[in-house]
Amino acid sequence: MTPLLALLLAAQDMPGMAMPPPPPPPQPAAGPKPAEPATDDDMGGMIMDPAAERLGQDSDSGTAWQPYLTPMGGAHLKAGGWMLMAHARLNAVYDRQSGPRGGEKAFVSGMAMAMASRPLGTNAGIELRAMLSPDPLMGARGYPLLLAAGETAEGRTLLVDRQHPHDLVGELSARFDLRPGADMDFFVYAGLPGAPAFGPPAYMHRPAAMDDPEAPISHHWLDSTHVSFGVVTAGVAVGQVKVEASRFNGREPDQHRWDIETGPLDSTAVRLSWNPLPELSLQASWARQKDAEQLEPGVDVTRWSASALLTKRLGMGRIYATAAWGRRTAHGRPLDALLAELAWSRSGWTLFGRAERVETDELLKGSVFTVGKVSLGGVRDFEVAPHLAVGVGASASLGLVPAGLAKAYGGDRPAGMAFVRVKID
């Protein structure tokens, strides 16, 4: 752990370095050719040693793929045989959620991460990652977020209509890749904590969602396993297809946000990913989580997910989109969630929107309700130095509740956030 934390601290002083992009992933002879080849601007000018190249492009955390044409941000530096990278989004947010179950709060959120990678011989490579979050500073009860539920503030009661803080340490991981051929990659990934092979990239790493400081209410259907305190994943990628499986600690993080927990690798996840085009990334996954919820010991949860991520140029700008479905089943009762996200970015401006539909039994214990939420927002970033920008943004949302919840919430409820952020990209 010490070398990774040292790397993260050192990354604060990294100067940016422009580097040319990696070659596009191999295309089948009869398959489609990239209509939009990556450019220096797309990839942050990054060059990777051939031994470290991957057939798909990983997100910032875990091993989930995203579209190959997604820009690879961050400040990069080559030191000896190592390639170093630093990347961060840190938000200062004012949040107001209306109605009898709402509230208001000023808080800080986000993440800062560092990565170090190097080749090992001619056909292998290693990568180390560390990610920290300021979320514990917001307090044990997190921030007000209508229609959200999950985890606990003190180990006894469920947080309802609030988003829990994430742990200080979001990832400490290592990955080894072996490439016996140009179109094949075997890998092993281990983290304490880390992200198992389930779902799309977590919302703070999805291109369509990362500029919105508000967590989706579908978070605990799609990507709540992204901080697992103990995970080992093995997989193989052939061409644009990847199969991987994980053993991981199935318990969600407890209310102690500053520590690193340990537990048995007693849960299983399997994911199939396919990037049929440089603009598109598809995945389907399954997980069986042992003892998932702190407040329901002995209750296992079965999860399913499927998603599509899109990165597409639009004139001088770029569009990012996510469509996802998730299901979690406990006590023999399946509950589904649907998510759609869209973001457009150009010349320092980013506009984003989200629509969700969730079946939940946590808002009023014992009753299942279908709720929805729509939100729109934007942020304007101002570059103050290479790879460093300060942004100002805001968002507005509307929580949609059925008749059975109208009295508790006072009907459909508007909410909003205003924020200032610092971005290293």
# chains A, B, ... in the order shown; residues from 1 in each chain; ligands from 1
>>> select_by_dssp(residues="region 359-424 of chain A", states="alpha helix (DSSP H)", output="list in words")
Ala403, Gly404, Leu405, Ala406, Lys407, Ala408 and Tyr409 of chain A
>>> closest_atom_pairs(of="region 87-158 of chain A", to="region 288-303 of chain A", cutoff="9 Å", atoms="only C-alpha atoms", output="CSV")
residue,atom,partner,partner_atom,distance
A:Gly150,CA,A:Glu293,CA,8.8
A:Glu151,CA,A:Gln294,CA,7.4
A:Thr152,CA,A:Gln294,CA,8.1
A:Gly155,CA,A:Leu295,CA,7.3
A:Arg156,CA,A:Leu295,CA,6.8
A:Thr157,CA,A:Leu295,CA,7.5
A:Leu158,CA,A:Leu295,CA,7.6
>>> atom_distance(atom1="CA of Leu335 (chain A)", atom2="CA of Asp361 (chain A)")
8.3 Å
>>> residues_around(residues="Thr70 (chain A)", least_positions_apart="5", cutoff="10 Å", atoms="only C-alpha atoms", output="count of residues only")
18
>>> residues_around(residues="Leu400 (chain A)", least_positions_apart="6", cutoff="10 Å", atoms="only C-alpha atoms", output="VMD selection string")
chain A and resid 146 to 147 356 to 357 370 to 374 406 409 411 to 414
>>> write_last_selection(atoms="C-alpha atoms", output="CSV table (one decimal), in the first residue's frame")
chain,number,residue,atom,x,y,z
A,146,LEU,CA,-34.5,12.3,-2.6
A,147,LEU,CA,-35.4,8.7,-3.5
A,356,GLU,CA,-34.0,6.9,-14.1
A,357,ARG,CA,-36.8,4.4,-13.2
A,370,THR,CA,-41.7,2.4,-8.6
A,371,VAL,CA,-40.1,5.9,-8.6
A,372,GLY,CA,-38.4,8.0,-11.2
A,373,LYS,CA,-36.1,11.0,-11.6
A,374,VAL,CA,-35.1,13.3,-14.4
A,406,ALA,CA,-47.3,11.4,-2.5
A,409,TYR,CA,-42.9,13.4,-0.1
A,411,GLY,CA,-45.9,14.9,-4.5
A,412,ASP,CA,-43.2,15.1,-7.2
A,413,ARG,CA,-40.3,17.0,-5.7
A,414,PRO,CA,-37.8,19.4,-7.4
>>> residues_around(residues="region 210-214 of chain A", least_positions_apart="6", cutoff="8 Å", atoms="only C-alpha atoms", output="PyMOL selection string")
chain A and resi 91+93+109-110+203-204+350+352+377-379+395+417
>>> write_last_selection(atoms="C-alpha atoms", output="PDB file, in the first residue's frame")
ATOM      1  CA  ASN A  91     -16.311  19.330  -6.124  1.00  0.00           C
ATOM      2  CA  VAL A  93     -21.344  21.518  -3.712  1.00  0.00           C
ATOM      3  CA  SER A 109     -17.047  15.186  -3.050  1.00  0.00           C
ATOM      4  CA  GLY A 110     -15.095  13.658  -5.921  1.00  0.00           C
ATOM      5  CA  TYR A 203     -20.953   6.613 -12.231  1.00  0.00           C
ATOM      6  CA  MET A 204     -17.986   8.795 -11.221  1.00  0.00           C
ATOM      7  CA  THR A 350     -20.401  20.360 -20.674  1.00  0.00           C
ATOM      8  CA  PHE A 352     -25.545  16.663 -18.996  1.00  0.00           C
ATOM      9  CA  GLY A 377     -27.329  20.478 -15.684  1.00  0.00           C
ATOM     10  CA  GLY A 378     -24.123  21.935 -17.000  1.00  0.00           C
ATOM     11  CA  VAL A 379     -20.649  23.116 -16.083  1.00  0.00           C
ATOM     12  CA  SER A 395     -28.136  21.073 -12.011  1.00  0.00           C
ATOM     13  CA  MET A 417     -27.277  21.654  -6.865  1.00  0.00           C
TER      14      MET A 417
END
>>> residues_around(residues="Ser173 (chain A)", least_positions_apart="5", cutoff="7 Å", atoms="only C-alpha atoms", output="list in words")
Leu128, Arg129, Ala130, Ala190, Gly191, Leu192 and Gly194 of chain A
>>> residues_around(residues="region 236-248 of chain A", least_positions_apart="3", cutoff="7 Å", atoms="only C-alpha atoms", output="list in words")
Pro26, Leu55, Gly56, Asp183, Met184, Asp185, Phe186, Phe187, Pro196, Ala197, Ser228, Gly230, Val231, Val232, Thr233, Leu265, Asp266, Ser267, Thr268, Ala269, Val270, Arg271, Leu272, Ser273, Trp274, Asn275 and Pro276 of chain A
>>> atom_distance(atom1="CA of Asn249 (chain A)", atom2="CA of Thr329 (chain A)")
18.0 Å
>>> select_by_dssp(residues="region 234-294 of chain A", states="strand (DSSP E)", output="JSON, numbers by chain")
{"A": [234, 235, 236, 237, 238, 241, 242, 243, 244, 245, 246, 247, 248, 267, 268, 269, 270, 271, 272, 273, 274, 275, 276, 277, 280, 281, 282, 283, 284, 285, 286, 287, 288, 289]}
>>> write_last_selection(atoms="C-alpha atoms", output="PDB file, in the first residue's frame")
ATOM      1  CA  ALA A 234      -8.909 -12.959 -14.026  1.00  0.00           C
ATOM      2  CA  GLY A 235      -9.872 -12.584 -17.654  1.00  0.00           C
ATOM      3  CA  VAL A 236      -9.007 -12.883 -21.309  1.00  0.00           C
ATOM      4  CA  ALA A 237      -9.668 -10.521 -24.197  1.00  0.00           C
ATOM      5  CA  VAL A 238      -9.638 -11.771 -27.778  1.00  0.00           C
ATOM      6  CA  VAL A 241     -14.488  -9.493 -26.786  1.00  0.00           C
ATOM      7  CA  LYS A 242     -13.530  -9.936 -23.145  1.00  0.00           C
ATOM      8  CA  VAL A 243     -14.606 -12.535 -20.564  1.00  0.00           C
ATOM      9  CA  GLU A 244     -13.669 -12.110 -16.913  1.00  0.00           C
ATOM     10  CA  ALA A 245     -14.590 -13.505 -13.498  1.00  0.00           C
ATOM     11  CA  SER A 246     -14.049 -12.221  -9.961  1.00  0.00           C
ATOM     12  CA  ARG A 247     -13.997 -13.506  -6.434  1.00  0.00           C
ATOM     13  CA  PHE A 248     -14.615 -10.652  -4.031  1.00  0.00           C
ATOM     14  CA  SER A 267     -18.783 -13.710  -3.675  1.00  0.00           C
ATOM     15  CA  THR A 268     -18.613 -14.224  -7.428  1.00  0.00           C
ATOM     16  CA  ALA A 269     -19.072 -12.000 -10.480  1.00  0.00           C
ATOM     17  CA  VAL A 270     -18.835 -12.758 -14.207  1.00  0.00           C
ATOM     18  CA  ARG A 271     -18.856 -10.214 -17.039  1.00  0.00           C
ATOM     19  CA  LEU A 272     -18.895 -10.445 -20.836  1.00  0.00           C
ATOM     20  CA  SER A 273     -17.822  -7.290 -22.698  1.00  0.00           C
ATOM     21  CA  TRP A 274     -17.870  -6.488 -26.397  1.00  0.00           C
ATOM     22  CA  ASN A 275     -16.660  -3.380 -28.216  1.00  0.00           C
ATOM     23  CA  PRO A 276     -18.049  -3.935 -31.746  1.00  0.00           C
ATOM     24  CA  LEU A 277     -17.099  -0.369 -32.793  1.00  0.00           C
ATOM     25  CA  LEU A 280     -19.472   1.590 -28.559  1.00  0.00           C
ATOM     26  CA  SER A 281     -18.956  -0.622 -25.515  1.00  0.00           C
ATOM     27  CA  LEU A 282     -21.438  -3.311 -24.431  1.00  0.00           C
ATOM     28  CA  GLN A 283     -21.469  -5.518 -21.329  1.00  0.00           C
ATOM     29  CA  ALA A 284     -23.633  -8.065 -19.551  1.00  0.00           C
ATOM     30  CA  SER A 285     -22.799  -9.311 -16.074  1.00  0.00           C
ATOM     31  CA  TRP A 286     -23.985 -11.421 -13.137  1.00  0.00           C
ATOM     32  CA  ALA A 287     -22.983 -11.484  -9.480  1.00  0.00           C
ATOM     33  CA  ARG A 288     -23.863 -13.432  -6.367  1.00  0.00           C
ATOM     34  CA  GLN A 289     -23.119 -11.314  -3.303  1.00  0.00           C
TER      35      GLN A 289
END
>>> closest_residue(among="A:Ala215, A:Ile260, A:Ala182, A:Val420", to="Pro144 (chain A)", atoms="only C-alpha atoms")
A:Ala215
>>> decode(residues="region 224-333 of chain A", atoms="C-alpha atoms", output="PDB file, in the first residue's frame")
ATOM      1  CA  SER A 224     -22.506  -0.360  -5.763  1.00  0.00           C
ATOM      2  CA  THR A 225     -19.789  -3.057  -5.797  1.00  0.00           C
ATOM      3  CA  HIS A 226     -17.215  -0.598  -7.197  1.00  0.00           C
ATOM      4  CA  VAL A 227     -15.572  -0.362  -3.756  1.00  0.00           C
ATOM      5  CA  SER A 228     -15.106  -3.972  -2.650  1.00  0.00           C
ATOM      6  CA  PHE A 229     -12.651  -4.534   0.176  1.00  0.00           C
ATOM      7  CA  GLY A 230     -10.964  -7.488  -1.454  1.00  0.00           C
ATOM      8  CA  VAL A 231     -11.242  -8.579  -5.081  1.00  0.00           C
ATOM      9  CA  VAL A 232      -9.300 -10.796  -7.502  1.00  0.00           C
ATOM     10  CA  THR A 233     -10.284 -10.837 -11.184  1.00  0.00           C
ATOM     11  CA  ALA A 234      -8.909 -12.959 -14.026  1.00  0.00           C
ATOM     12  CA  GLY A 235      -9.872 -12.584 -17.654  1.00  0.00           C
ATOM     13  CA  VAL A 236      -9.007 -12.883 -21.309  1.00  0.00           C
ATOM     14  CA  ALA A 237      -9.668 -10.521 -24.197  1.00  0.00           C
ATOM     15  CA  VAL A 238      -9.638 -11.771 -27.778  1.00  0.00           C
ATOM     16  CA  GLY A 239     -10.170  -9.100 -30.394  1.00  0.00           C
ATOM     17  CA  GLN A 240     -13.023  -6.903 -29.213  1.00  0.00           C
ATOM     18  CA  VAL A 241     -14.488  -9.493 -26.786  1.00  0.00           C
ATOM     19  CA  LYS A 242     -13.530  -9.936 -23.145  1.00  0.00           C
ATOM     20  CA  VAL A 243     -14.606 -12.535 -20.564  1.00  0.00           C
ATOM     21  CA  GLU A 244     -13.669 -12.110 -16.913  1.00  0.00           C
ATOM     22  CA  ALA A 245     -14.590 -13.505 -13.498  1.00  0.00           C
ATOM     23  CA  SER A 246     -14.049 -12.221  -9.961  1.00  0.00           C
ATOM     24  CA  ARG A 247     -13.997 -13.506  -6.434  1.00  0.00           C
ATOM     25  CA  PHE A 248     -14.615 -10.652  -4.031  1.00  0.00           C
ATOM     26  CA  ASN A 249     -15.698  -9.642  -0.545  1.00  0.00           C
ATOM     27  CA  GLY A 250     -19.458  -9.250  -0.945  1.00  0.00           C
ATOM     28  CA  ARG A 251     -20.138  -6.993   2.037  1.00  0.00           C
ATOM     29  CA  GLU A 252     -20.781  -3.356   1.249  1.00  0.00           C
ATOM     30  CA  PRO A 253     -18.457  -0.912   3.080  1.00  0.00           C
ATOM     31  CA  ASP A 254     -19.497  -0.198   6.676  1.00  0.00           C
ATOM     32  CA  GLN A 255     -19.973   3.199   8.332  1.00  0.00           C
ATOM     33  CA  HIS A 256     -16.261   3.615   9.083  1.00  0.00           C
ATOM     34  CA  ARG A 257     -15.141   5.614   6.043  1.00  0.00           C
ATOM     35  CA  TRP A 258     -11.485   6.262   6.873  1.00  0.00           C
ATOM     36  CA  ASP A 259     -10.213   2.686   7.203  1.00  0.00           C
ATOM     37  CA  ILE A 260      -9.450  -0.278   4.950  1.00  0.00           C
ATOM     38  CA  GLU A 261     -11.584  -3.319   5.729  1.00  0.00           C
ATOM     39  CA  THR A 262     -10.854  -6.963   5.104  1.00  0.00           C
ATOM     40  CA  GLY A 263     -13.070 -10.007   4.652  1.00  0.00           C
ATOM     41  CA  PRO A 264     -13.349 -13.349   2.854  1.00  0.00           C
ATOM     42  CA  LEU A 265     -13.490 -13.519  -0.946  1.00  0.00           C
ATOM     43  CA  ASP A 266     -16.859 -15.267  -0.767  1.00  0.00           C
ATOM     44  CA  SER A 267     -18.783 -13.710  -3.675  1.00  0.00           C
ATOM     45  CA  THR A 268     -18.613 -14.224  -7.428  1.00  0.00           C
ATOM     46  CA  ALA A 269     -19.072 -12.000 -10.480  1.00  0.00           C
ATOM     47  CA  VAL A 270     -18.835 -12.758 -14.207  1.00  0.00           C
ATOM     48  CA  ARG A 271     -18.856 -10.214 -17.039  1.00  0.00           C
ATOM     49  CA  LEU A 272     -18.895 -10.445 -20.836  1.00  0.00           C
ATOM     50  CA  SER A 273     -17.822  -7.290 -22.698  1.00  0.00           C
ATOM     51  CA  TRP A 274     -17.870  -6.488 -26.397  1.00  0.00           C
ATOM     52  CA  ASN A 275     -16.660  -3.380 -28.216  1.00  0.00           C
ATOM     53  CA  PRO A 276     -18.049  -3.935 -31.746  1.00  0.00           C
ATOM     54  CA  LEU A 277     -17.099  -0.369 -32.793  1.00  0.00           C
ATOM     55  CA  PRO A 278     -14.575   2.148 -31.484  1.00  0.00           C
ATOM     56  CA  GLU A 279     -17.558   4.302 -30.436  1.00  0.00           C
ATOM     57  CA  LEU A 280     -19.472   1.590 -28.559  1.00  0.00           C
ATOM     58  CA  SER A 281     -18.956  -0.622 -25.515  1.00  0.00           C
ATOM     59  CA  LEU A 282     -21.438  -3.311 -24.431  1.00  0.00           C
ATOM     60  CA  GLN A 283     -21.469  -5.518 -21.329  1.00  0.00           C
ATOM     61  CA  ALA A 284     -23.633  -8.065 -19.551  1.00  0.00           C
ATOM     62  CA  SER A 285     -22.799  -9.311 -16.074  1.00  0.00           C
ATOM     63  CA  TRP A 286     -23.985 -11.421 -13.137  1.00  0.00           C
ATOM     64  CA  ALA A 287     -22.983 -11.484  -9.480  1.00  0.00           C
ATOM     65  CA  ARG A 288     -23.863 -13.432  -6.367  1.00  0.00           C
ATOM     66  CA  GLN A 289     -23.119 -11.314  -3.303  1.00  0.00           C
ATOM     67  CA  LYS A 290     -22.728 -13.048   0.031  1.00  0.00           C
ATOM     68  CA  ASP A 291     -24.039 -11.149   3.074  1.00  0.00           C
ATOM     69  CA  ALA A 292     -24.290  -7.978   0.982  1.00  0.00           C
ATOM     70  CA  GLU A 293     -26.078  -5.616   3.373  1.00  0.00           C
ATOM     71  CA  GLN A 294     -24.720  -4.759   6.805  1.00  0.00           C
ATOM     72  CA  LEU A 295     -28.259  -4.450   8.190  1.00  0.00           C
ATOM     73  CA  GLU A 296     -29.406  -7.816   6.770  1.00  0.00           C
ATOM     74  CA  PRO A 297     -26.775 -10.371   7.854  1.00  0.00           C
ATOM     75  CA  GLY A 298     -27.141 -13.763   6.235  1.00  0.00           C
ATOM     76  CA  VAL A 299     -29.107 -12.437   3.241  1.00  0.00           C
ATOM     77  CA  ASP A 300     -27.430 -12.987  -0.139  1.00  0.00           C
ATOM     78  CA  VAL A 301     -28.151 -10.838  -3.193  1.00  0.00           C
ATOM     79  CA  THR A 302     -28.157 -11.894  -6.839  1.00  0.00           C
ATOM     80  CA  ARG A 303     -27.427  -9.144  -9.366  1.00  0.00           C
ATOM     81  CA  TRP A 304     -27.735  -8.821 -13.136  1.00  0.00           C
ATOM     82  CA  SER A 305     -26.791  -5.906 -15.351  1.00  0.00           C
ATOM     83  CA  ALA A 306     -26.519  -4.958 -19.018  1.00  0.00           C
ATOM     84  CA  SER A 307     -25.343  -1.674 -20.469  1.00  0.00           C
ATOM     85  CA  ALA A 308     -24.232   0.202 -23.571  1.00  0.00           C
ATOM     86  CA  LEU A 309     -21.794   3.130 -23.532  1.00  0.00           C
ATOM     87  CA  LEU A 310     -21.404   5.426 -26.550  1.00  0.00           C
ATOM     88  CA  THR A 311     -18.773   8.036 -27.382  1.00  0.00           C
ATOM     89  CA  LYS A 312     -19.437  10.005 -30.576  1.00  0.00           C
ATOM     90  CA  ARG A 313     -18.183  13.175 -32.204  1.00  0.00           C
ATOM     91  CA  LEU A 314     -20.779  15.826 -33.007  1.00  0.00           C
ATOM     92  CA  GLY A 315     -19.272  18.658 -35.025  1.00  0.00           C
ATOM     93  CA  MET A 316     -16.493  20.148 -32.893  1.00  0.00           C
ATOM     94  CA  GLY A 317     -17.948  18.615 -29.742  1.00  0.00           C
ATOM     95  CA  ARG A 318     -18.479  15.135 -28.393  1.00  0.00           C
ATOM     96  CA  ILE A 319     -21.475  13.188 -27.092  1.00  0.00           C
ATOM     97  CA  TYR A 320     -21.344  10.539 -24.377  1.00  0.00           C
ATOM     98  CA  ALA A 321     -24.312   8.294 -23.616  1.00  0.00           C
ATOM     99  CA  THR A 322     -25.181   5.423 -21.282  1.00  0.00           C
ATOM    100  CA  ALA A 323     -28.159   3.075 -21.333  1.00  0.00           C
ATOM    101  CA  ALA A 324     -28.251   0.514 -18.513  1.00  0.00           C
ATOM    102  CA  TRP A 325     -30.471  -2.014 -16.776  1.00  0.00           C
ATOM    103  CA  GLY A 326     -29.841  -3.571 -13.397  1.00  0.00           C
ATOM    104  CA  ARG A 327     -31.634  -6.137 -11.259  1.00  0.00           C
ATOM    105  CA  ARG A 328     -31.034  -7.137  -7.680  1.00  0.00           C
ATOM    106  CA  THR A 329     -32.863 -10.022  -6.028  1.00  0.00           C
ATOM    107  CA  ALA A 330     -33.023 -10.637  -2.263  1.00  0.00           C
ATOM    108  CA  HIS A 331     -35.686 -12.455  -0.244  1.00  0.00           C
ATOM    109  CA  GLY A 332     -36.824 -13.957  -3.574  1.00  0.00           C
ATOM    110  CA  ARG A 333     -38.015 -10.548  -4.848  1.00  0.00           C
TER     111      ARG A 333
END
